[in-house]
Each structure stands twice: as structure tokens, then as C-alpha cells.
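J.: Input start26.txt, format and content: compact mmCIF, C-alpha atoms.
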# COMPACT_ATOMS: atom_id res chain seq x y z
CA MET R 1 8.56 10.07 16.45
CA ILE R 2 11.71 11.07 14.54
CA LEU R 3 11.85 9.31 11.18
CA PRO R 4 14.88 8.85 8.96
CA THR R 5 15.08 10.74 5.68
CA THR R 6 16.32 7.78 3.63
CA MET R 7 15.53 4.07 3.55
CA ARG R 8 16.57 0.82 1.94
CA ALA R 9 14.41 -0.12 -1.03
CA VAL R 10 14.45 -2.38 -4.07
CA GLU R 11 14.10 -0.75 -7.48
CA ILE R 12 13.64 -2.12 -10.98
CA SER R 13 16.86 -0.88 -12.64
CA GLU R 14 15.56 -1.72 -16.12
CA PRO R 15 12.94 -4.07 -17.59
CA GLY R 16 14.12 -7.67 -17.43
CA GLY R 17 14.50 -10.79 -15.35
CA PRO R 18 14.85 -11.09 -11.58
CA GLU R 19 18.45 -9.88 -11.77
CA VAL R 20 17.32 -6.30 -12.56
CA LEU R 21 16.02 -5.88 -8.99
CA ARG R 22 18.56 -3.75 -7.13
CA LEU R 23 18.90 -2.59 -3.53
CA ILE R 24 19.14 1.22 -3.28
CA GLU R 25 18.87 4.11 -0.83
CA ALA R 26 15.68 6.11 -1.45
CA PRO R 27 13.90 9.02 0.25
CA VAL R 28 11.33 8.08 2.90
CA PRO R 29 7.93 9.01 1.43
CA THR R 30 5.66 11.56 3.11
CA PRO R 31 1.99 10.70 3.64
CA GLY R 32 -0.39 12.94 1.74
CA HIS R 33 -4.00 13.80 2.59
CA GLY R 34 -5.80 10.62 3.61
CA ASP R 35 -2.61 8.54 3.66
CA ILE R 36 -0.69 6.65 6.31
CA LEU R 37 3.06 5.94 6.42
CA ILE R 38 3.91 2.35 7.34
CA ARG R 39 7.26 1.09 8.60
CA VAL R 40 7.28 -2.17 6.65
CA ALA R 41 7.88 -5.44 8.49
CA TYR R 42 7.11 -7.81 5.61
CA ALA R 43 6.16 -7.29 1.97
CA GLY R 44 4.24 -9.79 -0.13
CA VAL R 45 5.62 -10.93 -3.49
CA ASN R 46 3.05 -11.28 -6.27
CA ARG R 47 2.83 -12.02 -9.99
CA PRO R 48 2.04 -8.37 -10.85
CA ASP R 49 5.41 -7.44 -9.31
CA ALA R 50 7.12 -9.73 -11.81
CA LEU R 51 5.06 -8.30 -14.66
CA GLN R 52 6.05 -4.76 -13.62
CA ARG R 53 9.70 -5.86 -13.41
CA ALA R 54 9.48 -7.26 -16.94
CA GLY R 55 8.03 -4.00 -18.26
CA ALA R 56 4.54 -5.39 -18.86
CA TYR R 57 2.57 -3.76 -16.03
CA ALA R 58 3.24 -0.07 -15.56
CA PRO R 59 2.31 1.50 -12.21
CA PRO R 60 -0.39 4.20 -12.17
CA PRO R 61 1.01 7.72 -12.78
CA THR R 62 0.70 8.75 -9.12
CA ALA R 63 2.08 5.50 -7.65
CA SER R 64 5.60 4.75 -6.47
CA PRO R 65 7.72 3.19 -9.24
CA LEU R 66 9.07 0.71 -6.68
CA PRO R 67 7.48 -2.77 -6.78
CA GLY R 68 5.34 -4.18 -3.99
CA LEU R 69 1.54 -4.20 -3.73
CA GLU R 70 1.01 -5.40 -0.14
CA ALA R 71 2.78 -5.14 3.19
CA SER R 72 2.39 -5.33 6.93
CA GLY R 73 3.95 -3.15 9.58
CA GLU R 74 3.48 -0.26 11.99
CA VAL R 75 1.82 3.07 11.29
CA VAL R 76 4.50 5.70 12.00
CA ALA R 77 2.87 8.83 10.54
CA ILE R 78 -0.57 9.92 9.34
CA GLY R 79 -1.62 12.47 6.77
CA ALA R 80 -4.30 15.11 7.13
CA GLY R 81 -7.85 13.82 7.28
CA VAL R 82 -6.99 10.38 8.67
CA SER R 83 -9.08 9.24 11.63
CA GLU R 84 -9.11 5.45 11.17
CA TRP R 85 -5.56 4.86 12.44
CA LYS R 86 -3.08 6.28 14.91
CA VAL R 87 0.69 6.10 15.19
CA GLY R 88 1.68 2.73 16.65
CA ASP R 89 -1.14 0.70 15.09
CA GLN R 90 -0.15 -2.54 13.38
CA VAL R 91 -1.78 -3.01 9.99
CA CYS R 92 -1.63 -4.87 6.73
CA ALA R 93 -2.41 -2.87 3.64
CA LEU R 94 -3.01 -2.91 -0.08
CA LEU R 95 -0.47 -0.61 -1.72
CA PRO R 96 -0.41 1.35 -4.98
CA GLY R 97 3.27 0.34 -5.17
CA GLY R 98 6.42 0.76 -3.14
CA GLY R 99 6.18 -2.22 -0.79
CA TYR R 100 9.73 -3.42 -1.38
CA ALA R 101 11.05 -0.74 0.98
CA GLU R 102 11.44 0.07 4.66
CA TYR R 103 8.66 2.68 4.51
CA VAL R 104 5.62 3.02 2.27
CA THR R 105 2.53 5.23 2.04
CA THR R 106 -0.97 4.09 1.15
CA PRO R 107 -4.52 5.42 1.56
CA ALA R 108 -5.68 4.84 5.13
CA THR R 109 -8.88 3.24 3.81
CA HIS R 110 -6.84 0.46 2.15
CA ALA R 111 -5.37 -0.78 5.44
CA LEU R 112 -6.86 -3.45 7.67
CA ARG R 113 -6.11 -4.54 11.23
CA LEU R 114 -4.16 -7.71 11.84
CA PRO R 115 -6.54 -10.65 12.37
CA ASN R 116 -6.68 -11.99 15.91
CA GLY R 117 -3.65 -14.12 16.71
CA MET R 118 -1.95 -13.50 13.37
CA GLY R 119 1.61 -12.23 13.10
CA LEU R 120 2.99 -9.63 10.74
CA LYS R 121 4.54 -12.17 8.37
CA GLN R 122 1.26 -13.96 7.69
CA ALA R 123 -0.71 -10.70 7.58
CA ALA R 124 1.54 -9.35 4.82
CA CYS R 125 0.14 -12.11 2.60
CA LEU R 126 -3.49 -11.05 2.93
CA PRO R 127 -4.19 -7.78 1.09
CA GLU R 128 -3.35 -8.38 -2.59
CA THR R 129 -4.81 -11.88 -2.73
CA TYR R 130 -7.85 -11.28 -0.53
CA PHE R 131 -8.79 -8.01 -2.26
CA THR R 132 -8.40 -9.77 -5.63
CA VAL R 133 -10.24 -12.98 -4.77
CA TYR R 134 -13.12 -11.46 -2.82
CA SER R 135 -13.81 -8.70 -5.35
CA ASN R 136 -13.72 -11.07 -8.32
CA VAL R 137 -15.27 -14.25 -6.94
CA PHE R 138 -18.00 -12.72 -4.78
CA MET R 139 -18.55 -9.06 -5.71
CA ARG R 140 -18.08 -9.52 -9.48
CA GLY R 141 -18.67 -13.25 -9.94
CA GLY R 142 -21.55 -13.55 -7.48
CA LEU R 143 -20.58 -16.97 -6.11
CA GLU R 144 -23.30 -18.44 -3.90
CA ALA R 145 -23.49 -21.39 -1.53
CA GLY R 146 -24.03 -24.70 -3.30
CA GLU R 147 -22.61 -23.54 -6.62
CA ARG R 148 -19.79 -25.36 -8.39
CA PHE R 149 -16.66 -23.19 -8.43
CA LEU R 150 -13.51 -23.89 -10.42
CA VAL R 151 -10.27 -22.03 -9.73
CA HIS R 152 -7.17 -22.69 -11.80
CA GLY R 153 -3.74 -22.66 -10.20
CA GLY R 154 -5.07 -23.87 -6.87
CA SER R 155 -1.67 -23.96 -5.14
CA SER R 156 -0.84 -20.32 -5.89
CA GLY R 157 -1.46 -17.47 -3.46
CA ILE R 158 -4.66 -16.61 -5.32
CA GLY R 159 -5.67 -20.26 -5.59
CA THR R 160 -5.17 -21.18 -1.94
CA THR R 161 -7.14 -18.10 -0.93
CA ALA R 162 -9.97 -18.77 -3.39
CA ILE R 163 -10.33 -22.40 -2.32
CA GLN R 164 -10.63 -21.48 1.35
CA LEU R 165 -13.03 -18.57 0.84
CA ALA R 166 -15.31 -20.42 -1.56
CA ASN R 167 -15.41 -23.42 0.76
CA ALA R 168 -16.09 -21.22 3.80
CA PHE R 169 -19.06 -19.63 2.03
CA GLY R 170 -20.56 -22.99 1.10
CA ALA R 171 -19.57 -23.49 -2.54
CA ARG R 172 -18.42 -26.78 -4.03
CA VAL R 173 -14.78 -26.19 -4.95
CA PHE R 174 -12.88 -27.70 -7.87
CA THR R 175 -9.31 -26.79 -8.72
CA THR R 176 -6.46 -27.55 -11.08
CA ALA R 177 -2.83 -27.94 -10.05
CA GLY R 178 0.32 -29.36 -11.61
CA SER R 179 1.45 -32.11 -9.23
CA ALA R 180 0.12 -34.69 -6.79
CA ALA R 181 1.67 -32.75 -3.90
CA LYS R 182 -0.03 -29.52 -4.94
CA CYS R 183 -3.35 -31.33 -5.37
CA GLN R 184 -3.01 -32.76 -1.86
CA VAL R 185 -2.52 -29.27 -0.42
CA CYS R 186 -5.59 -28.01 -2.30
CA ALA R 187 -7.71 -30.88 -0.99
CA GLY R 188 -6.59 -30.08 2.54
CA LEU R 189 -7.77 -26.50 2.09
CA GLY R 190 -11.29 -27.56 1.13
CA ALA R 191 -11.30 -28.48 -2.56
CA GLU R 192 -13.88 -31.21 -3.15
CA ARG R 193 -12.12 -32.34 -6.33
CA THR R 194 -8.53 -31.64 -7.37
CA ILE R 195 -7.50 -32.05 -10.99
CA ASN R 196 -3.86 -32.65 -11.90
CA TYR R 197 -3.89 -30.93 -15.29
CA ARG R 198 -1.00 -33.11 -16.46
CA ASP R 199 -3.14 -36.25 -16.12
CA GLU R 200 -6.78 -35.15 -16.42
CA ASP R 201 -8.94 -32.84 -18.51
CA PHE R 202 -10.73 -30.33 -16.26
CA VAL R 203 -13.39 -29.86 -18.94
CA GLU R 204 -14.50 -33.50 -18.74
CA VAL R 205 -14.39 -33.50 -14.93
CA LEU R 206 -16.62 -30.41 -14.68
CA LYS R 207 -19.02 -31.51 -17.42
CA ALA R 208 -19.57 -34.77 -15.54
CA GLU R 209 -20.62 -32.69 -12.51
CA GLY R 210 -23.04 -30.55 -14.52
CA GLY R 211 -20.58 -27.79 -15.39
CA ALA R 212 -19.03 -25.00 -13.37
CA ASN R 213 -21.27 -22.14 -12.26
CA LEU R 214 -18.24 -19.89 -11.83
CA ILE R 215 -14.63 -20.12 -13.04
CA LEU R 216 -11.81 -17.92 -11.79
CA ASP R 217 -9.08 -17.98 -14.42
CA MET R 218 -5.56 -16.60 -14.41
CA VAL R 219 -4.21 -18.79 -17.23
CA GLY R 220 -5.89 -17.52 -20.38
CA GLY R 221 -4.58 -18.79 -23.72
CA ASP R 222 -6.15 -22.10 -24.75
CA TYR R 223 -7.85 -22.34 -21.33
CA ILE R 224 -10.33 -19.65 -22.41
CA ALA R 225 -12.13 -21.87 -24.94
CA ARG R 226 -11.86 -24.87 -22.62
CA ASN R 227 -13.37 -22.87 -19.75
CA ILE R 228 -16.35 -21.98 -21.92
CA ARG R 229 -16.93 -25.68 -22.60
CA ALA R 230 -16.64 -26.43 -18.86
CA LEU R 231 -19.23 -23.85 -17.79
CA ALA R 232 -22.80 -24.75 -16.93
CA THR R 233 -25.79 -22.99 -18.44
CA GLU R 234 -25.92 -19.42 -17.03
CA GLY R 235 -22.30 -19.87 -15.91
CA ARG R 236 -19.86 -17.02 -15.29
CA MET R 237 -16.16 -16.70 -15.97
CA VAL R 238 -13.92 -14.08 -14.36
CA HIS R 239 -10.43 -13.40 -15.73
CA ILE R 240 -7.75 -11.88 -13.49
CA ALA R 241 -4.54 -12.70 -15.41
CA PHE R 242 -3.24 -14.33 -18.59
CA LEU R 243 -0.17 -16.42 -17.78
CA SER R 244 -0.55 -18.17 -21.16
CA GLY R 245 -1.54 -15.05 -23.09
CA PRO R 246 -4.67 -12.90 -23.50
CA LYS R 247 -5.70 -14.05 -26.99
CA ALA R 248 -7.83 -17.02 -28.00
CA GLU R 249 -10.17 -18.20 -30.72
CA ILE R 250 -13.55 -18.94 -29.19
CA ASN R 251 -16.99 -19.99 -30.42
CA PHE R 252 -19.44 -17.27 -29.40
CA ALA R 253 -22.36 -19.54 -30.28
CA GLN R 254 -21.55 -21.49 -27.11
CA ILE R 255 -21.79 -18.27 -25.09
CA MET R 256 -25.20 -17.52 -26.57
CA ALA R 257 -26.51 -21.08 -26.26
CA LYS R 258 -25.54 -21.38 -22.60
CA ARG R 259 -26.23 -17.71 -21.76
CA LEU R 260 -22.77 -17.24 -20.29
CA THR R 261 -21.28 -14.15 -18.67
CA ILE R 262 -17.58 -13.44 -19.22
CA THR R 263 -15.92 -10.65 -17.29
CA GLY R 264 -12.66 -9.77 -15.58
CA SER R 265 -10.74 -7.08 -13.77
CA THR R 266 -7.37 -5.84 -12.63
CA LEU R 267 -7.05 -4.44 -9.13
CA ARG R 268 -4.27 -1.87 -9.28
CA PRO R 269 -5.84 0.65 -11.71
CA GLN R 270 -9.14 0.82 -9.79
CA SER R 271 -9.99 4.01 -7.92
CA ASP R 272 -9.11 4.55 -4.28
CA LEU R 273 -12.83 4.55 -3.52
CA ALA R 274 -13.37 1.20 -5.22
CA LYS R 275 -10.52 -0.34 -3.22
CA ALA R 276 -11.89 1.18 -0.01
CA ARG R 277 -15.24 -0.49 -0.71
CA ILE R 278 -13.50 -3.85 -1.12
CA ALA R 279 -11.65 -3.26 2.16
CA ASN R 280 -14.98 -2.60 3.91
CA GLU R 281 -16.44 -5.84 2.48
CA LEU R 282 -13.40 -7.78 3.68
CA ALA R 283 -13.59 -6.27 7.16
CA ALA R 284 -17.26 -7.22 7.46
CA ASN R 285 -17.32 -10.63 5.78
CA VAL R 286 -13.83 -12.14 5.71
CA TRP R 287 -11.89 -10.83 8.70
CA PRO R 288 -14.22 -12.67 11.15
CA LEU R 289 -13.24 -15.93 9.40
CA LEU R 290 -9.55 -15.04 9.77
CA ASP R 291 -10.12 -14.09 13.43
CA ALA R 292 -11.66 -17.50 14.05
CA GLY R 293 -8.83 -19.33 12.29
CA ARG R 294 -11.21 -20.89 9.76
CA ILE R 295 -9.07 -19.58 6.89
CA GLY R 296 -5.55 -18.22 6.59
CA PRO R 297 -2.61 -17.70 4.29
CA VAL R 298 -0.56 -20.65 3.07
CA MET R 299 3.12 -19.75 3.37
CA ASP R 300 5.90 -20.79 1.00
CA GLN R 301 9.26 -19.06 1.66
CA THR R 302 10.60 -15.89 3.25
CA PHE R 303 13.48 -13.94 1.69
CA ALA R 304 15.44 -10.92 2.92
CA LEU R 305 14.67 -7.61 1.20
CA GLU R 306 18.08 -7.66 -0.51
CA ASP R 307 17.22 -11.11 -1.91
CA ALA R 308 14.14 -9.90 -3.82
CA ALA R 309 15.65 -11.30 -7.02
CA LYS R 310 15.76 -14.77 -5.45
CA ALA R 311 12.14 -14.39 -4.37
CA HIS R 312 11.10 -13.52 -7.94
CA ALA R 313 13.10 -16.42 -9.33
CA ARG R 314 11.34 -18.75 -6.88
CA MET R 315 7.92 -17.47 -7.90
CA GLU R 316 8.64 -17.80 -11.61
CA THR R 317 9.56 -21.48 -11.27
CA SER R 318 5.91 -22.06 -10.22
CA GLN R 319 7.20 -24.62 -7.74
CA HIS R 320 5.99 -22.57 -4.79
CA ILE R 321 2.87 -23.41 -2.81
CA GLY R 322 1.16 -20.36 -1.34
CA LYS R 323 2.75 -17.01 -0.60
CA ILE R 324 6.30 -15.72 -0.81
CA VAL R 325 7.29 -12.75 1.39
CA LEU R 326 10.22 -10.39 1.89
CA LYS R 327 11.40 -9.71 5.44
CA VAL R 328 12.05 -5.98 5.54
CA ALA R 329 12.30 -4.84 9.18
Re-express the file's structure as C-alpha cells.
T.:
Amino acid sequence: MILPTTMRAVEISEPGGPEVLRLIEAPVPTPGHGDILIRVAYAGVNRPDALQRAGAYAPPPTASPLPGLEASGEVVAIGAGVSEWKVGDQVCALLPGGGYAEYVTTPATHALRLPNGMGLKQAACLPETYFTVYSNVFMRGGLEAGERFLVHGGSSGIGTTAIQLANAFGARVFTTAGSAAKCQVCAGLGAERTINYRDEDFVEVLKAEGGANLILDMVGGDYIARNIRALATEGRMVHIAFLSGPKAEINFAQIMAKRLTITGSTLRPQSDLAKARIANELAANVWPLLDAGRIGPVMDQTFALEDAAKAHARMETSQHIGKIVLKVA
């Protein structure tokens, strides 16, 4: 297969708002040892992309400076040492960066097959959210069947994924969202109780149920202390983002009295091996659910690659429900 030497890509011209995203010509990357080169069909748009654009989330030193942490497409070249994939395979993949482009490289162990019956557009929405949710809710948070699980931002890409996975594995799911329409979507995905945070206090709702056994939080700020009050004895809280800021004043006596565990993680800086382990867990435990159609991505809007700025503006309004993608191919 003869590949071009240059490609269309979107770069961050300088730190700032959505308008700093600019379409450029860039060299087609070459897959290194253990890597695959993907001709991108669709690229997922995620909050970390916006943080990187704003100058608040630097890529790892060896990663592409281009934004984009997940994509779907066709394998068009393989590096030395790769046996999992062959040229022509269709995959979706977690990326170290560079997804807003016509071609991108990633470790072969971070790619997954397309679920049965799923197209490339939907599959592009899987890696970043499913790696994040599964690793934090199940591998780190230890959610078990029958436990009470609270996820904030239930209508987001992370939220819609967390609701479906927790429900599929037998947990009782509670979620917050900011409108009646968003709450209705969350209920349809399997949330037992939806909480419109503009009208109700999630702390009181969860305390009436005996407290949350696990909370997945991406809000931070004043939610941190409120989450602690909402947790049950021996409860766990996992932080994955801080949309309202990472600092809070909390009462550690409550943590001691209820024997709470507070943890968190970010996905991008983790080692290639750690991400490969998550991919293996997903292939074994989650992909069969996707194959069967029991769970799946909730789609919001699709934008052309050259309209990446519009996609970011859409995401930052927080009016979207589910995933936003860029059509690249």
C-alpha cells in the first residue's frame, strides 16, 4: 500500500479557546516498534482535548502534540513486533494524541476490534470513555453487583457509559444531570434514580437510600465535601476530573468515621502496559456486552475535521448528550 507523505490535521496554534484550532498539512507519522498506523475515519472529541487546547493538559513528551485521544479507522501499516493486527483490519483505538488527523499511530495493544454490527462512527466513541470508566469504576473503584453507584454528569460521554456499564453489571445506579431532558435520557440508559441538580440535593437523595457505595466524580470543587457526606460507611470515591476546580475544604473526621477510600486517576500519563491491561479487561468483560447490543455509545453530533472548533464550542456549552465526533475520512 502506497501512503501519502502529508495529511490534513488540526493543530492547537496557541493556548486558548476553540478558535485556536487550525487545519494544517502535517507529515504522515511512521509506526514505531509495537505500533500500528491507522487511517482515521472518525475521531472522538473529549474534555481532555479542550483542556490541552487551553494549555492545561500537556501531552506526554513522546506523544503527538496534535489533539485527539481516540479514533476508529483502518490499519494501513504495522511496526516491527506487531502480531495482533494486519493491514486492512478495522479498529478503534486509544491514542496518546494525534487523533484529529487523517493518520495516527498508537501501540497495537491499545486497539480493539469493532464490536459486532457497530459502524466506525459509533466505535470511535468507545476507547477514551470505556478505558476511563472501566478502569476507574471497576478496576480501581471495585464496584460490585447490588452496590449503590452515583455518577455525576450522567448525560456526558463518561456518564452515559458509566450508567450503562454499572447497570449491566448489576449495580443500582444514581446520577445527576442538569435538565429534565438529560435526566430522561439517563433513566432510559438504566439509572434507577436521576437527580436534576438544579432542583434536588444529591446528598439527601443518597443518604435516604443508605449512602453511595461508590461515587465517580468529574466535578470536584464543592462537590468533593458533598460527595463525602453522600457516601455510605466503607464507601469509595474516584475522581477523574475537576470541572469546578481541584481544591476543597473537607472534614477528614468524616473520612475516618465512615472509613472512606478516596482515590482517582488520569488515563493519558499511564504506561503503555497499564493501558494494554485495561484493553485486555475490556475485550474480555465489556466487548461481549457491546457485541450483544446490551450497551453502546450515545451519540450527540458529528462535525467535519475542519470544524473541530465548532465541535469544541458545542462540548463546552455542556448542552450535548453523549459523544461528539469528527468525521475525518
J.: Can you tell me how far atom CA of Val10 of chain R sits from atom CA of Arg22 of chain R, in Å to one decimal?
T.: 5.3 Å
J.: Enumerate, in order of chain and increasing residue number, the residues of segment 80-130 of chain R with an atom no farther than 10 Å from segment 274-292 of chain R, each with its shortest atom pair and distance in Å to one decimal, counting all atoms listed in the file, as JSON lines.
T.:
{"residue": "R:Ala93", "atom": "CA", "partner": "R:Ala279", "partner_atom": "CA", "distance": 9.4}
{"residue": "R:Leu94", "atom": "CA", "partner": "R:Lys275", "partner_atom": "CA", "distance": 8.5}
{"residue": "R:Pro107", "atom": "CA", "partner": "R:Ala276", "partner_atom": "CA", "distance": 8.6}
{"residue": "R:Ala108", "atom": "CA", "partner": "R:Ala276", "partner_atom": "CA", "distance": 8.9}
{"residue": "R:Thr109", "atom": "CA", "partner": "R:Ala276", "partner_atom": "CA", "distance": 5.3}
{"residue": "R:His110", "atom": "CA", "partner": "R:Ala276", "partner_atom": "CA", "distance": 5.5}
{"residue": "R:Ala111", "atom": "CA", "partner": "R:Ala279", "partner_atom": "CA", "distance": 7.5}
{"residue": "R:Leu112", "atom": "CA", "partner": "R:Ala279", "partner_atom": "CA", "distance": 7.3}
{"residue": "R:Arg113", "atom": "CA", "partner": "R:Ala283", "partner_atom": "CA", "distance": 8.7}
{"residue": "R:Leu114", "atom": "CA", "partner": "R:Asp291", "partner_atom": "CA", "distance": 8.9}
{"residue": "R:Pro115", "atom": "CA", "partner": "R:Asp291", "partner_atom": "CA", "distance": 5.1}
{"residue": "R:Asn116", "atom": "CA", "partner": "R:Asp291", "partner_atom": "CA", "distance": 4.7}
{"residue": "R:Gly117", "atom": "CA", "partner": "R:Asp291", "partner_atom": "CA", "distance": 7.3}
{"residue": "R:Met118", "atom": "CA", "partner": "R:Asp291", "partner_atom": "CA", "distance": 8.2}
{"residue": "R:Leu126", "atom": "CA", "partner": "R:Leu290", "partner_atom": "CA", "distance": 10.0}
{"residue": "R:Pro127", "atom": "CA", "partner": "R:Ala279", "partner_atom": "CA", "distance": 8.8}
{"residue": "R:Tyr130", "atom": "CA", "partner": "R:Leu282", "partner_atom": "CA", "distance": 7.8}
J.: Give as a compact mmCIF listing (two decimals) with C-alpha atoms, in the frame of the given file each residue that has an atom at most 10 Å from (-21.3, -20.3, -23.1) in the file, counting all atoms listed in the file.
T.:
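Resulting contents of out.txt:
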# COMPACT_ATOMS: atom_id res chain seq x y z
CA ALA R 225 -12.13 -21.87 -24.94
CA ASN R 227 -13.37 -22.87 -19.75
CA ILE R 228 -16.35 -21.98 -21.92
CA ARG R 229 -16.93 -25.68 -22.60
CA ALA R 230 -16.64 -26.43 -18.86
CA LEU R 231 -19.23 -23.85 -17.79
CA ALA R 232 -22.80 -24.75 -16.93
CA THR R 233 -25.79 -22.99 -18.44
CA GLU R 234 -25.92 -19.42 -17.03
CA GLY R 235 -22.30 -19.87 -15.91
CA ARG R 236 -19.86 -17.02 -15.29
CA MET R 237 -16.16 -16.70 -15.97
CA ILE R 250 -13.55 -18.94 -29.19
CA ASN R 251 -16.99 -19.99 -30.42
CA PHE R 252 -19.44 -17.27 -29.40
CA ALA R 253 -22.36 -19.54 -30.28
CA GLN R 254 -21.55 -21.49 -27.11
CA ILE R 255 -21.79 -18.27 -25.09
CA MET R 256 -25.20 -17.52 -26.57
CA ALA R 257 -26.51 -21.08 -26.26
CA LYS R 258 -25.54 -21.38 -22.60
CA ARG R 259 -26.23 -17.71 -21.76
CA LEU R 260 -22.77 -17.24 -20.29
CA THR R 261 -21.28 -14.15 -18.67
CA ILE R 262 -17.58 -13.44 -19.22
J.: What is the atom CA of Thr160 of chain R to atom CA of Gly322 of chain R distance in Å?
T.: 6.4 Å
J.: Around the point (-8.5, -31.0, -7.7), in the coordinates given by the file, pick out the residues reaching within 6 Å, counting only C-alpha atoms, and return them as a short mmCIF file (atom, residue, chain, number, x, y, z; two decimals) with C-alpha atoms, keeping the file's coordinate frame.
T.:
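Resulting contents of result-v4.cif:
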data_model
loop_
_atom_site.label_atom_id
_atom_site.label_comp_id
_atom_site.auth_asym_id
_atom_site.auth_seq_id
_atom_site.Cartn_x
_atom_site.Cartn_y
_atom_site.Cartn_z
CA PHE R 174 -12.88 -27.70 -7.87
CA THR R 175 -9.31 -26.79 -8.72
CA THR R 176 -6.46 -27.55 -11.08
CA CYS R 183 -3.35 -31.33 -5.37
CA ARG R 193 -12.12 -32.34 -6.33
CA THR R 194 -8.53 -31.64 -7.37
CA ILE R 195 -7.50 -32.05 -10.99
#
J.: Point out the residue among R:Val87, R:Val137, R:Cys125, R:Ala329 with the least atom-to-atom distance to Asp300 of chain R, counting all atoms listed in the file.
T.: R:Cys125
J.: So, with only C-alpha atoms as the atoms that count, which of R:Gly99, R:Gly17, R:Gly81, R:Pro27 lies closest to Ala41 of chain R?
T.: R:Gly99
J.: Expressed in Å to a single decimal, how great is the separation between atom CA of Cys186 of chain R and atom CA of Ala248 of chain R?
T.: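 Here the two named atoms are 28.0 Å from each other.
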J.: Which polymer residues have any atom within 12 Å of an atom of Ala58 of chain R, counting all atoms listed in the file, with same-chain residues fewer than 6 positions away left out, as a list in words?
T.: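 The neighbour list is Ile12, Pro15, Pro48, Asp49, Ala50, Leu51, Gln52, Ser64, Pro65, Leu66, Pro67, Pro96, Gly97, Arg268 and Pro269 of chain R.
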J.: Could you tell me which of R:Arg8, R:Arg53, R:Lys121, R:Lys86 comes closest to Lys327 of chain R if we count all atoms listed in the file?
T.: R:Lys121
J.: Using all atoms listed in the file for the distances, tell me which of R:Leu69, R:Ile78, R:Leu189, R:Ala9 is nearest to Val298 of chain R.
T.: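 Nearest candidate to Val298 of chain R out of R:Leu69, R:Ile78, R:Leu189, R:Ala9: R:Leu189.
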J.: Let me have the centre and edge lengths in Å, one decimal, of the box along x, y and z around every listed atom of segment 4-12 of chain R with 5 Å of margin on each side, as JSON.
T.:
{"center_x": 15.1, "center_y": 4.2, "center_z": -1.0, "size_x": 12.9, "size_y": 23.1, "size_z": 29.9}
J.: Counting only C-alpha atoms, which residue out of R:Asp307, R:Glu316, R:Glu74, R:Asp199 sits closest to Glu102 of chain R?
T.: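 Closest to Glu102 of chain R of all the choices is R:Glu74.
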J.: As a ChimeraX atom specification, please: the residues near Ala241 of chain R (cut-off 12 Å, all atoms listed in the file, same-chain neighbours under 6 positions excluded).
T.: /R:46-48,51,57,132,136,152-153,158,216-221,223-224,247,263-267
